[in-house]
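K.L.:
The following file, final21.pdb, comprises PDB, C-alpha atoms, pLDDT in the B column:
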```pdb
ATOM      1  CA  MET I   1     -10.122  34.111  19.395  1.00 71.00           C
ATOM      2  CA  ILE I   2      -8.872  33.771  15.843  1.00 80.00           C
ATOM      3  CA  VAL I   3      -5.995  36.107  15.041  1.00 81.00           C
ATOM      4  CA  LYS I   4      -4.324  36.881  11.726  1.00 89.00           C
ATOM      5  CA  GLU I   5      -1.208  38.839  12.584  1.00 89.00           C
ATOM      6  CA  ASP I   6      -0.708  40.250   9.085  1.00 93.00           C
ATOM      7  CA  LEU I   7      -4.337  41.143   8.395  1.00 94.00           C
ATOM      8  CA  VAL I   8      -3.588  44.754   7.430  1.00 95.00           C
ATOM      9  CA  GLU I   9      -0.926  43.671   4.926  1.00 95.00           C
ATOM     10  CA  ALA I  10      -3.174  40.933   3.522  1.00 95.00           C
ATOM     11  CA  LYS I  11      -6.027  43.393   2.995  1.00 95.00           C
ATOM     12  CA  GLU I  12      -3.700  45.868   1.274  1.00 96.00           C
ATOM     13  CA  ARG I  13      -2.318  43.169  -1.043  1.00 96.00           C
ATOM     14  CA  MET I  14      -5.873  42.039  -1.879  1.00 95.00           C
ATOM     15  CA  LYS I  15      -6.837  45.631  -2.672  1.00 97.00           C
ATOM     16  CA  LEU I  16      -3.856  46.016  -5.012  1.00 97.00           C
ATOM     17  CA  TRP I  17      -4.655  42.694  -6.691  1.00 97.00           C
ATOM     18  CA  TRP I  18      -8.330  43.601  -7.063  1.00 97.00           C
ATOM     19  CA  ASP I  19      -7.378  46.939  -8.653  1.00 98.00           C
ATOM     20  CA  HIS I  20      -5.083  45.097 -11.129  1.00 97.00           C
ATOM     21  CA  GLU I  21      -1.990  46.699  -9.615  1.00 97.00           C
ATOM     22  CA  THR I  22       1.408  45.100  -9.066  1.00 95.00           C
ATOM     23  CA  THR I  23       2.061  43.388  -5.740  1.00 94.00           C
ATOM     24  CA  ASP I  24       5.372  42.415  -4.141  1.00 93.00           C
ATOM     25  CA  ARG I  25       4.572  38.705  -4.549  1.00 94.00           C
ATOM     26  CA  PRO I  26       1.781  36.473  -5.847  1.00 95.00           C
ATOM     27  CA  THR I  27      -1.549  37.003  -4.099  1.00 95.00           C
ATOM     28  CA  ILE I  28      -2.491  33.634  -2.645  1.00 96.00           C
ATOM     29  CA  ALA I  29      -4.597  32.246   0.195  1.00 93.00           C
ATOM     30  CA  TYR I  30      -3.958  28.930   1.937  1.00 92.00           C
ATOM     31  CA  ASN I  31      -4.435  27.087   5.209  1.00 88.00           C
ATOM     32  CA  ILE I  32      -1.940  24.913   7.085  1.00 88.00           C
ATOM     33  CA  LEU I  33      -3.152  22.418   9.677  1.00 88.00           C
ATOM     34  CA  GLU I  34      -0.683  22.417  12.569  1.00 86.00           C
ATOM     35  CA  THR I  35      -2.740  20.504  15.158  1.00 83.00           C
ATOM     36  CA  PRO I  36      -5.256  17.625  14.940  1.00 79.00           C
ATOM     37  CA  ASN I  37      -8.165  19.906  15.930  1.00 76.00           C
ATOM     38  CA  SER I  38      -7.317  22.510  13.305  1.00 80.00           C
ATOM     39  CA  GLY I  39      -8.704  20.162  10.652  1.00 80.00           C
ATOM     40  CA  ARG I  40     -12.102  20.357  12.350  1.00 75.00           C
ATOM     41  CA  ALA I  41     -11.979  24.144  12.247  1.00 76.00           C
ATOM     42  CA  LEU I  42     -11.127  24.130   8.549  1.00 76.00           C
ATOM     43  CA  LEU I  43     -13.997  21.757   7.762  1.00 74.00           C
ATOM     44  CA  ALA I  44     -16.373  23.787   9.930  1.00 70.00           C
ATOM     45  CA  SER I  45     -15.501  26.995   8.084  1.00 71.00           C
ATOM     46  CA  GLY I  46     -16.286  25.589   4.650  1.00 68.00           C
ATOM     47  CA  ALA I  47     -19.271  25.358   2.381  1.00 56.00           C
ATOM     48  CA  LEU I  48     -19.697  21.599   2.873  1.00 56.00           C
ATOM     49  CA  ASN I  49     -20.628  21.972   6.528  1.00 66.00           C
ATOM     50  CA  TYR I  50     -24.384  21.630   7.108  1.00 68.00           C
ATOM     51  CA  ASP I  51     -24.391  22.116  10.901  1.00 74.00           C
ATOM     52  CA  LEU I  52     -26.747  25.068  10.517  1.00 73.00           C
ATOM     53  CA  GLY I  53     -29.059  22.861   8.488  1.00 70.00           C
ATOM     54  CA  LYS I  54     -29.289  20.511  11.455  1.00 73.00           C
ATOM     55  CA  ASN I  55     -29.669  23.301  13.999  1.00 75.00           C
ATOM     56  CA  TRP I  56     -31.011  26.517  12.425  1.00 72.00           C
ATOM     57  CA  ASP I  57     -30.680  28.555  15.612  1.00 79.00           C
ATOM     58  CA  GLY I  58     -27.333  27.120  16.718  1.00 79.00           C
ATOM     59  CA  ILE I  59     -24.981  29.733  15.278  1.00 82.00           C
ATOM     60  CA  GLU I  60     -23.445  30.649  18.664  1.00 87.00           C
ATOM     61  CA  SER I  61     -22.458  27.087  19.587  1.00 83.00           C
ATOM     62  CA  ILE I  62     -21.267  26.400  16.033  1.00 81.00           C
ATOM     63  CA  LEU I  63     -19.033  29.487  16.061  1.00 83.00           C
ATOM     64  CA  ASP I  64     -17.747  28.542  19.532  1.00 84.00           C
ATOM     65  CA  THR I  65     -16.780  25.083  18.235  1.00 80.00           C
ATOM     66  CA  PHE I  66     -15.115  26.651  15.198  1.00 80.00           C
ATOM     67  CA  GLU I  67     -13.120  29.116  17.310  1.00 83.00           C
ATOM     68  CA  ASN I  68     -12.173  26.539  19.956  1.00 81.00           C
ATOM     69  CA  ASN I  69     -10.704  24.249  17.282  1.00 78.00           C
ATOM     70  CA  SER I  70      -8.897  27.000  15.368  1.00 81.00           C
ATOM     71  CA  ASP I  71      -5.670  26.865  17.388  1.00 80.00           C
ATOM     72  CA  GLY I  72      -3.042  25.615  14.995  1.00 81.00           C
ATOM     73  CA  LEU I  73      -4.971  26.559  11.865  1.00 84.00           C
ATOM     74  CA  VAL I  74      -2.755  28.918   9.890  1.00 88.00           C
ATOM     75  CA  TRP I  75      -4.495  31.492   7.690  1.00 89.00           C
ATOM     76  CA  GLY I  76      -1.617  31.955   5.258  1.00 93.00           C
ATOM     77  CA  GLY I  77      -0.968  34.581   2.627  1.00 95.00           C
ATOM     78  CA  GLU I  78      -4.132  36.555   2.002  1.00 96.00           C
ATOM     79  CA  CYS I  79      -6.404  33.928   3.565  1.00 92.00           C
ATOM     80  CA  ILE I  80      -8.629  35.925   5.891  1.00 90.00           C
ATOM     81  CA  PRO I  81     -10.336  33.999   8.719  1.00 88.00           C
ATOM     82  CA  ARG I  82     -13.967  33.366   7.830  1.00 84.00           C
ATOM     83  CA  TYR I  83     -16.945  31.205   8.558  1.00 80.00           C
ATOM     84  CA  PHE I  84     -19.396  30.300   5.810  1.00 76.00           C
ATOM     85  CA  PRO I  85     -22.908  30.091   7.318  1.00 76.00           C
ATOM     86  CA  ASN I  86     -24.181  27.317   5.067  1.00 69.00           C
ATOM     87  CA  TYR I  87     -27.915  26.902   5.339  1.00 68.00           C
ATOM     88  CA  GLY I  88     -27.839  24.790   2.182  1.00 66.00           C
ATOM     89  CA  PRO I  89     -28.422  25.558  -1.481  1.00 69.00           C
ATOM     90  CA  GLY I  90     -32.172  25.719  -1.062  1.00 77.00           C
ATOM     91  CA  ALA I  91     -32.206  28.339   1.685  1.00 77.00           C
ATOM     92  CA  MET I  92     -34.206  30.621  -0.585  1.00 83.00           C
ATOM     93  CA  ALA I  93     -36.897  27.932  -0.657  1.00 84.00           C
ATOM     94  CA  THR I  94     -37.495  28.512   3.056  1.00 82.00           C
ATOM     95  CA  VAL I  95     -37.935  32.211   2.371  1.00 83.00           C
ATOM     96  CA  LEU I  96     -40.660  31.188  -0.077  1.00 84.00           C
ATOM     97  CA  GLY I  97     -42.393  28.948   2.464  1.00 85.00           C
ATOM     98  CA  ALA I  98     -40.731  25.535   2.201  1.00 87.00           C
ATOM     99  CA  THR I  99     -39.875  23.519   5.302  1.00 85.00           C
ATOM    100  CA  PRO I 100     -36.240  22.330   5.590  1.00 83.00           C
ATOM    101  CA  GLU I 101     -35.414  18.773   6.657  1.00 83.00           C
ATOM    102  CA  TYR I 102     -31.847  17.631   7.339  1.00 79.00           C
ATOM    103  CA  LYS I 103     -31.431  14.124   5.970  1.00 75.00           C
ATOM    104  CA  SER I 104     -28.571  11.893   4.800  1.00 73.00           C
ATOM    105  CA  GLY I 105     -25.887  14.588   4.840  1.00 71.00           C
ATOM    106  CA  THR I 106     -27.950  17.103   2.904  1.00 75.00           C
ATOM    107  CA  ILE I 107     -30.994  19.302   3.319  1.00 79.00           C
ATOM    108  CA  TRP I 108     -34.324  18.643   1.617  1.00 83.00           C
ATOM    109  CA  PHE I 109     -37.009  21.294   1.294  1.00 85.00           C
ATOM    110  CA  HIS I 110     -40.697  20.448   1.319  1.00 86.00           C
ATOM    111  CA  ARG I 111     -43.740  22.492   0.515  1.00 84.00           C
ATOM    112  CA  LYS I 112     -47.266  21.289   0.015  1.00 84.00           C
ATOM    113  CA  THR I 113     -48.256  22.664  -3.348  1.00 82.00           C
ATOM    114  CA  ASP I 114     -51.455  21.988  -5.205  1.00 83.00           C
ATOM    115  CA  VAL I 115     -50.891  20.653  -8.726  1.00 85.00           C
ATOM    116  CA  LYS I 116     -53.085  23.478 -10.048  1.00 87.00           C
ATOM    117  CA  ASP I 117     -50.566  25.988  -8.674  1.00 83.00           C
ATOM    118  CA  ILE I 118     -47.746  24.342 -10.616  1.00 78.00           C
ATOM    119  CA  VAL I 119     -49.373  23.980 -14.025  1.00 75.00           C
TER     120      VAL I 119
END
```
What would you get if you wrote out this structure as structure tokens?
P.N.:
Amino acid sequence: MIVKEDLVEAKERMKLWWDHETTDRPTIAYNILETPNSGRALLASGALNYDLGKNWDGIESILDTFENNSDGLVWGGECIPRYFPNYGPGAMATVLGATPEYKSGTIWFHRKTDVKDIV
């Protein structure tokens, strides 16, 4: 389980910052990698991770991997633990009927469209 001991304070500082009020120190978010596996957790939490593109229904195992590698990953300052469920930039294309294909570190979206429907 991922724990941020000062979550209440971080949320309060973020609220003050958002409301343009003075805080007791600069509002900043950062991570510190304290163990070799914590780097995997940091990469898994970010927008460049396309694991969900490879396995659309694999959110449970992906979150388990993220949490199991999070020991030693410090969520400093106002950095609140998070996971970015990246289905790729074209996720809306699937809503509109395209078929996703994971390929070469990215996701391609395909849809058979008649030329008459484009012009």
K.L.:
For Phe109 in chain I, find every residue with an atom within 7 Å (counting all atoms listed in the file), except residues of its own chain fewer than 3 positions away, and show them as a ChimeraX atom specification.
P.N.:
/I:90,93,98-101
K.L.:
Give me, as a tab-separated table, the closest atom pair and its distance (Å, one decimal) for every residue of range 81-101 of chain I within a cut-off of 12 Å of range 2-22 of chain I, counting only C-alpha atoms, rows sorted by chain and rising number.
P.N.:
```
residue	atom	partner	partner_atom	distance
I:Pro81	CA	I:Ile2	CA	7.3
I:Arg82	CA	I:Ile2	CA	9.5
I:Tyr83	CA	I:Ile2	CA	11.2
```
K.L.:
Could you check which of I:Ile32, I:Ala44, I:Ile107, I:Leu96 is closest to Asn69 in chain I, using only C-alpha atoms?
P.N.:
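Smallest distance to Asn69 in chain I is found for I:Ala44.
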K.L.:
On this file, the PyMOL selection byres ((chain I and resi 45) around 12) gives some set of residues; write that set as a PyMOL selection string.
P.N.:
chain I and resi 31+38-44+46-52+62-67+69-70+73+75+80-86
K.L.:
Around range 56-61 of chain I, with edges along x, y and z and 8 Å added on all six sides, what centre and edge lengths do you get, in Å to one decimal, as lines of an AutoDock Vina configuration file?
P.N.:
```
center_x = -26.7
center_y = 28.6
center_z = 16.0
size_x = 24.6
size_y = 20.1
size_z = 23.2
```
K.L.:
If you measure from CA of Glu78 in chain I to CA of Asp24 in chain I, what distance in Å do you get, rounded to one decimal?
P.N.:
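Computing the Euclidean distance for CA of Glu78 in chain I and CA of Asp24 in chain I yields 12.7 Å.
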K.L.:
Which value, in Å to one decimal, gives the distance between CA of Gly53 in chain I and CA of Gly97 in chain I?
P.N.:
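Between these atoms lies a distance of 15.8 Å.
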K.L.:
Please compute the CA of Thr113 in chain I-CA of Thr94 in chain I distance, one decimal, in Å.
P.N.:
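Computing the Euclidean distance for CA of Thr113 in chain I and CA of Thr94 in chain I yields 13.8 Å.
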K.L.:
With only C-alpha atoms as the basis for distance, which of I:Lys103, I:Ile59, I:Gly77, I:Lys54 is at the shortest distance from Pro26 in chain I?
P.N.:
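Comparing I:Lys103, I:Ile59, I:Gly77, I:Lys54 against Pro26 in chain I, the winner is I:Gly77.
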